[in-house]
Amino acid sequence: SQSYSVLVTDSNGCKNADTIFVTVNELPLVDAGQDLEICQGDTVVISALGADNYLWSSGQTQQSLTDVPVATSSYSVTGTDSNGCRNTDEIVITVNPEPSPVVSGNKEICLGKNVELTATGASIYIWNQSDTSTTFTDVPTGNTNYSLKAIDTNGCIANMNISITVNDIYKSNIIDLDEYYCQSRVSVFLEAFPSGGMFSGNGVSGSNFNPNEAGAGTHTIYYVFTDINGCVSEDTALAEVIACSGIGGNNFNAGLEVYPNPFSETIIIEWNK
C-alpha cells in the first residue's frame, strides 16, 4: 500500500491539502494443475485453485472442467478473487494414442493342429486374461475366439479378439480290397473314399497295385487325402499276395481245355466233343 498527498492553492492564495491511500492487492495464485499425459479415449478432470471465480478458455465457468480430448490440447483458466484481481494459468494435456498390436499366425487350422499366434506392436501382452507370453499356443477343438490385451510403454491399452476357424478332417478309407491276390495278376485298381488322394506302397503306381511287381507276401498300401482346406487324412490297408498254383496241362481228356494257366480269379473250362 502507498499514500499520495496533494497541496492545492487557489487564485486567492488559499491552500488546502488531502491524502489518498492506495492499497495494491496481490494477484490470485491461479493454478490449473500439473500438465498431464493420458491415453486416447480417457476422460480428464481439470480443477483450478487460488481464486473465487473462474473462466475457462472453453467458456465454462465452473471450478472443475471435464473433457475427453481427442488430441493433445491446452486449457487456460482466468481466476478472479474477491478483490476483483485476475490471473491466468494454463495446463497441457498430452493424448497418447492407444497401441496398434498386430497378431500374426494361421487363423484357420485343421482339427487336432496347434494354433500359434504372435503379437507385436506393444510392450505387454495378456492372452485370455492370463497368459503373458508374446506367442500364444493352443489346440482348439472347434471354432473359437481368443482375447488379447496389449499395453504400451505409456500404459495405454488396446483390446482385440482373434477368431480361429477349425476345419474338420475327412476320414479316409481304402475300400474293396480282396482277401488275397495271386502273384500272377498284374493290375488291381485301388479305390478309396474320399477320392482324389494319393496311393503309395510296394507295387503301387498311381491308383493301381501290381501283385506281380510287389511279390508274394503282405504289403501295406498307403492312402493320403488332402482337402480344399489343406487338411490331411490317411489310411492304410494290407494286401496279401500269394503264389497261386497253375494247372499242369491244358488237356485232361480229349476236347477239354482249361485256361488261362496259371489263373488268379477266373478260370474258363471248355469241353469240345
# chains A, B, ... in the order shown; residues from 1 in each chain; ligands from 1
call {"tool": "residues_around", "arguments": {"residues": "stretch 230-243 of chain A", "least_positions_apart": "6", "cutoff": "8 Å", "atoms": "only C-alpha atoms", "output": "ChimeraX atom specification"}}
result
/A:109-110,167-174,177-184,211,214-224
call {"tool": "write_last_selection", "arguments": {"atoms": "C-alpha atoms", "output": "short mmCIF file (atom, residue, chain, number, x, y, z; two decimals), in the first residue's frame"}}
result
data_model
loop_
_atom_site.label_atom_id
_atom_site.label_comp_id
_atom_site.auth_asym_id
_atom_site.auth_seq_id
_atom_site.Cartn_x
_atom_site.Cartn_y
_atom_site.Cartn_z
CA ILE A 109 -6.27 -74.66 -38.95
CA CYS A 110 -7.18 -78.32 -39.22
CA ASN A 167 -11.76 -77.25 -40.15
CA ASP A 168 -12.89 -80.86 -39.72
CA ILE A 169 -10.83 -83.62 -41.31
CA TYR A 170 -12.40 -86.21 -43.61
CA LYS A 171 -11.87 -89.81 -42.54
CA SER A 172 -10.13 -91.66 -45.36
CA ASN A 173 -10.82 -95.31 -46.14
CA ILE A 174 -9.26 -97.69 -48.62
CA LEU A 177 -9.51 -104.85 -51.33
CA ASP A 178 -9.71 -108.62 -51.91
CA GLU A 179 -8.72 -111.11 -49.26
CA TYR A 180 -5.68 -112.01 -51.36
CA TYR A 181 -4.26 -111.61 -54.84
CA CYS A 182 -2.39 -114.10 -56.99
CA GLN A 183 1.11 -113.02 -57.80
CA SER A 184 0.46 -113.62 -61.48
CA PRO A 211 0.84 -108.01 -57.25
CA ALA A 214 5.11 -106.48 -55.31
CA GLY A 215 5.84 -110.18 -54.99
CA ALA A 216 4.45 -112.76 -52.58
CA GLY A 217 3.86 -111.56 -49.04
CA THR A 218 1.90 -108.96 -47.11
CA HIS A 219 2.18 -105.40 -48.36
CA THR A 220 0.99 -102.15 -46.82
CA ILE A 221 -0.88 -99.79 -49.11
CA TYR A 222 -0.98 -96.15 -48.00
CA TYR A 223 -3.59 -93.54 -48.93
CA VAL A 224 -3.26 -89.81 -48.23
#
call {"tool": "residues_around", "arguments": {"residues": "A:Gly33", "least_positions_apart": "3", "cutoff": "10 Å", "atoms": "only C-alpha atoms", "output": "list in words"}}
result
Val30, Leu36, Ile46, Ser47, Ala48, Leu49, Asp89, Glu90, Ile91 and Val92 of chain A
call {"tool": "closest_residue", "arguments": {"among": "A:Val68, A:Val186, A:Ile228, A:Cys39", "to": "A:Val95", "atoms": "only C-alpha atoms"}}
result
A:Cys39
call {"tool": "atom_distance", "arguments": {"atom1": "atom CA of A:Ser64", "atom2": "atom CA of A:Ile93"}}
result
14.8 Å
call {"tool": "select_by_dssp", "arguments": {"residues": "stretch 111-249 of chain A", "states": "helix (DSSP H, G or I)", "output": "list in words"}}
result
Pro211, Asn212, Glu213 and Ala214 of chain A
call {"tool": "closest_residue", "arguments": {"among": "A:Tyr4, A:Gly50, A:Arg185, A:Thr118", "to": "A:Cys244", "atoms": "only C-alpha atoms"}}
result
A:Arg185
call {"tool": "residues_around", "arguments": {"residues": "A:Pro99", "least_positions_apart": "5", "cutoff": "8 Å", "atoms": "only C-alpha atoms", "output": "list of chain:residue names"}}
result
A:Gly121, A:Ala122, A:Ala150, A:Ile151, A:Asp152, A:Cys156, A:Ile157, A:Ala158
call {"tool": "write_last_selection", "arguments": {"atoms": "N, CA and C atoms", "output": "compact mmCIF listing (two decimals), in the first residue's frame"}}
result
# COMPACT_ATOMS: atom_id res chain seq x y z
N GLY A 121 3.88 -54.89 -31.53
CA GLY A 121 3.32 -53.54 -31.53
C GLY A 121 3.03 -52.96 -30.16
N ALA A 122 3.36 -53.68 -29.10
CA ALA A 122 3.16 -53.17 -27.74
C ALA A 122 4.29 -53.71 -26.86
N ALA A 150 -3.21 -55.57 -25.14
CA ALA A 150 -1.86 -55.09 -25.44
C ALA A 150 -1.64 -53.76 -24.73
N ILE A 151 -0.52 -53.64 -24.00
CA ILE A 151 -0.21 -52.44 -23.21
C ILE A 151 1.12 -51.88 -23.68
N ASP A 152 1.16 -50.57 -24.00
CA ASP A 152 2.41 -49.98 -24.47
C ASP A 152 3.16 -49.32 -23.31
N CYS A 156 -0.98 -47.26 -22.15
CA CYS A 156 -2.22 -47.26 -22.94
C CYS A 156 -2.55 -48.68 -23.40
N ILE A 157 -3.83 -48.99 -23.50
CA ILE A 157 -4.30 -50.36 -23.70
C ILE A 157 -5.13 -50.46 -24.97
N ALA A 158 -4.90 -51.55 -25.68
CA ALA A 158 -5.76 -51.90 -26.82
C ALA A 158 -6.24 -53.33 -26.61
call {"tool": "residues_around", "arguments": {"residues": "A:Ser5", "least_positions_apart": "5", "cutoff": "8 Å", "atoms": "only C-alpha atoms", "output": "PyMOL selection string"}}
result
chain A and resi 17-20
call {"tool": "write_last_selection", "arguments": {"atoms": "C-alpha atoms", "output": "tab-separated table (two decimals), in the first residue's frame"}}
result
chain	number	residue	atom	x	y	z
A	17	ALA	CA	-4.18	19.56	1.32
A	18	ASP	CA	-5.51	15.98	1.00
A	19	THR	CA	-4.07	12.46	1.15
A	20	ILE	CA	-5.17	9.28	-0.60
call {"tool": "residues_around", "arguments": {"residues": "A:Gln62", "least_positions_apart": "5", "cutoff": "9 Å", "atoms": "only C-alpha atoms", "output": "list of chain:residue names"}}
result
A:Ser47, A:Asn53, A:Tyr54, A:Leu55, A:Trp56
call {"tool": "write_last_selection", "arguments": {"atoms": "N, CA, C and O atoms", "output": "compact mmCIF listing (two decimals), in the first residue's frame"}}
result
# COMPACT_ATOMS: atom_id res chain seq x y z
N SER A 47 -9.10 -29.22 -12.41
CA SER A 47 -9.64 -28.35 -11.37
C SER A 47 -8.70 -27.18 -11.14
O SER A 47 -7.48 -27.36 -11.02
N ASN A 53 -13.69 -17.01 -8.57
CA ASN A 53 -14.46 -17.27 -9.78
C ASN A 53 -13.49 -17.61 -10.92
O ASN A 53 -12.35 -17.11 -10.96
N TYR A 54 -13.99 -18.47 -11.84
CA TYR A 54 -13.11 -18.97 -12.90
C TYR A 54 -13.81 -18.88 -14.26
O TYR A 54 -15.03 -19.05 -14.36
N LEU A 55 -13.00 -18.62 -15.27
CA LEU A 55 -13.49 -18.62 -16.65
C LEU A 55 -12.49 -19.38 -17.50
O LEU A 55 -11.34 -18.96 -17.66
N TRP A 56 -12.93 -20.55 -18.03
CA TRP A 56 -12.06 -21.37 -18.87
C TRP A 56 -12.07 -20.88 -20.31
O TRP A 56 -13.02 -20.22 -20.75
call {"tool": "atom_distance", "arguments": {"atom1": "atom CA of A:Gly105", "atom2": "atom CA of A:Gly197"}}
result
27.6 Å
call {"tool": "atom_distance", "arguments": {"atom1": "atom CA of A:Glu98", "atom2": "atom CA of A:Gln40"}}
result
6.0 Å
call {"tool": "select_by_dssp", "arguments": {"residues": "stretch 23-263 of chain A", "states": "strand (DSSP E)", "output": "NGL selection string"}}
result
:A and (36-39 or 44-47 or 53-56 or 64-67 or 73-80 or 86-96 or 102-104 or 108-110 or 115-120 or 124-127 or 135-138 or 144-151 or 157-167 or 173-175 or 181-182 or 188-189 or 191-193 or 198-200 or 204-205 or 208-209 or 217-226 or 232-242 or 256-259)
call {"tool": "decode", "arguments": {"residues": "stretch 13-26 of chain A", "atoms": "all heavy atoms", "output": "mmCIF file, in the first residue's frame"}}
result
data_model
loop_
_atom_site.group_PDB
_atom_site.id
_atom_site.type_symbol
_atom_site.label_atom_id
_atom_site.label_comp_id
_atom_site.auth_asym_id
_atom_site.auth_seq_id
_atom_site.Cartn_x
_atom_site.Cartn_y
_atom_site.Cartn_z
ATOM 1 N N GLY A 13 -4.752 32.530 -3.277
ATOM 2 C CA GLY A 13 -3.604 32.142 -2.444
ATOM 3 C C GLY A 13 -3.997 31.249 -1.296
ATOM 4 O O GLY A 13 -3.168 30.963 -0.423
ATOM 5 N N CYS A 14 -5.256 30.828 -1.313
ATOM 6 C CA CYS A 14 -5.680 29.916 -0.242
ATOM 7 C C CYS A 14 -5.214 28.502 -0.566
ATOM 8 O O CYS A 14 -5.201 28.076 -1.721
ATOM 9 C CB CYS A 14 -7.210 29.959 -0.109
ATOM 10 S SG CYS A 14 -7.827 31.581 0.375
ATOM 11 N N LYS A 15 -4.839 27.800 0.495
ATOM 12 C CA LYS A 15 -4.278 26.461 0.323
ATOM 13 C C LYS A 15 -5.076 25.425 1.099
ATOM 14 O O LYS A 15 -5.652 25.722 2.128
ATOM 15 C CB LYS A 15 -2.828 26.432 0.792
ATOM 16 C CG LYS A 15 -1.913 27.368 0.020
ATOM 17 C CD LYS A 15 -0.486 27.283 0.550
ATOM 18 C CE LYS A 15 0.442 28.207 -0.226
ATOM 19 N NZ LYS A 15 1.832 28.148 0.286
ATOM 20 N N ASN A 16 -5.000 24.205 0.551
ATOM 21 C CA ASN A 16 -5.580 23.063 1.284
ATOM 22 C C ASN A 16 -4.842 21.798 0.813
ATOM 23 O O ASN A 16 -4.237 21.753 -0.270
ATOM 24 C CB ASN A 16 -7.077 22.957 1.018
ATOM 25 C CG ASN A 16 -7.790 22.196 2.129
ATOM 26 O OD1 ASN A 16 -7.149 21.654 3.046
ATOM 27 N ND2 ASN A 16 -9.124 22.154 2.055
ATOM 28 N N ALA A 17 -4.925 20.801 1.619
ATOM 29 C CA ALA A 17 -4.179 19.559 1.315
ATOM 30 C C ALA A 17 -5.098 18.340 1.516
ATOM 31 O O ALA A 17 -6.055 18.398 2.279
ATOM 32 C CB ALA A 17 -2.950 19.426 2.196
ATOM 33 N N ASP A 18 -4.773 17.253 0.828
ATOM 34 C CA ASP A 18 -5.506 15.975 1.002
ATOM 35 C C ASP A 18 -4.534 14.812 0.744
ATOM 36 O O ASP A 18 -3.504 14.969 0.064
ATOM 37 C CB ASP A 18 -6.690 15.886 0.045
ATOM 38 C CG ASP A 18 -7.662 14.773 0.442
ATOM 39 O OD1 ASP A 18 -7.564 14.265 1.593
ATOM 40 O OD2 ASP A 18 -8.494 14.372 -0.410
ATOM 41 N N THR A 19 -4.908 13.673 1.285
ATOM 42 C CA THR A 19 -4.069 12.458 1.146
ATOM 43 C C THR A 19 -4.958 11.281 0.748
ATOM 44 O O THR A 19 -6.068 11.138 1.257
ATOM 45 C CB THR A 19 -3.348 12.138 2.462
ATOM 46 O OG1 THR A 19 -2.507 13.253 2.825
ATOM 47 C CG2 THR A 19 -2.505 10.883 2.315
ATOM 48 N N ILE A 20 -4.456 10.499 -0.178
ATOM 49 C CA ILE A 20 -5.169 9.280 -0.596
ATOM 50 C C ILE A 20 -4.276 8.079 -0.349
ATOM 51 O O ILE A 20 -3.058 8.139 -0.539
ATOM 52 C CB ILE A 20 -5.569 9.353 -2.088
ATOM 53 C CG1 ILE A 20 -6.404 8.131 -2.465
ATOM 54 C CG2 ILE A 20 -4.357 9.493 -3.005
ATOM 55 C CD1 ILE A 20 -6.972 8.210 -3.878
ATOM 56 N N PHE A 21 -4.901 7.030 0.123
ATOM 57 C CA PHE A 21 -4.173 5.773 0.376
ATOM 58 C C PHE A 21 -4.575 4.733 -0.693
ATOM 59 O O PHE A 21 -5.759 4.466 -0.887
ATOM 60 C CB PHE A 21 -4.500 5.246 1.770
ATOM 61 C CG PHE A 21 -3.968 6.108 2.863
ATOM 62 C CD1 PHE A 21 -4.751 7.140 3.392
ATOM 63 C CD2 PHE A 21 -2.682 5.913 3.362
ATOM 64 C CE1 PHE A 21 -4.262 7.950 4.405
ATOM 65 C CE2 PHE A 21 -2.199 6.725 4.378
ATOM 66 C CZ PHE A 21 -2.980 7.748 4.896
ATOM 67 N N VAL A 22 -3.613 4.202 -1.389
ATOM 68 C CA VAL A 22 -3.835 3.192 -2.439
ATOM 69 C C VAL A 22 -3.316 1.844 -1.938
ATOM 70 O O VAL A 22 -2.128 1.727 -1.587
ATOM 71 C CB VAL A 22 -3.138 3.546 -3.752
ATOM 72 C CG1 VAL A 22 -3.336 2.437 -4.793
ATOM 73 C CG2 VAL A 22 -3.670 4.887 -4.259
ATOM 74 N N THR A 23 -4.230 0.883 -1.874
ATOM 75 C CA THR A 23 -3.856 -0.480 -1.457
ATOM 76 C C THR A 23 -3.663 -1.349 -2.697
ATOM 77 O O THR A 23 -4.557 -1.449 -3.552
ATOM 78 C CB THR A 23 -4.946 -1.104 -0.571
ATOM 79 O OG1 THR A 23 -5.101 -0.287 0.607
ATOM 80 C CG2 THR A 23 -4.564 -2.523 -0.171
ATOM 81 N N VAL A 24 -2.524 -1.973 -2.858
ATOM 82 C CA VAL A 24 -2.212 -2.845 -4.001
ATOM 83 C C VAL A 24 -2.370 -4.300 -3.547
ATOM 84 O O VAL A 24 -1.614 -4.776 -2.682
ATOM 85 C CB VAL A 24 -0.785 -2.601 -4.524
ATOM 86 C CG1 VAL A 24 -0.487 -3.546 -5.694
ATOM 87 C CG2 VAL A 24 -0.617 -1.140 -4.923
ATOM 88 N N ASN A 25 -3.402 -4.946 -4.090
ATOM 89 C CA ASN A 25 -3.634 -6.363 -3.744
ATOM 90 C C ASN A 25 -2.823 -7.290 -4.659
ATOM 91 O O ASN A 25 -2.679 -7.023 -5.861
ATOM 92 C CB ASN A 25 -5.127 -6.701 -3.894
ATOM 93 C CG ASN A 25 -5.987 -5.907 -2.925
ATOM 94 O OD1 ASN A 25 -5.743 -5.894 -1.720
ATOM 95 N ND2 ASN A 25 -6.999 -5.216 -3.465
ATOM 96 N N GLU A 26 -2.313 -8.315 -4.081
ATOM 97 C CA GLU A 26 -1.571 -9.296 -4.878
ATOM 98 C C GLU A 26 -2.524 -10.038 -5.822
ATOM 99 O O GLU A 26 -3.703 -10.240 -5.532
ATOM 100 C CB GLU A 26 -0.874 -10.307 -3.980
ATOM 101 C CG GLU A 26 0.243 -9.708 -3.150
ATOM 102 C CD GLU A 26 0.984 -10.773 -2.355
ATOM 103 O OE1 GLU A 26 0.564 -11.966 -2.437
ATOM 104 O OE2 GLU A 26 1.956 -10.439 -1.686
#
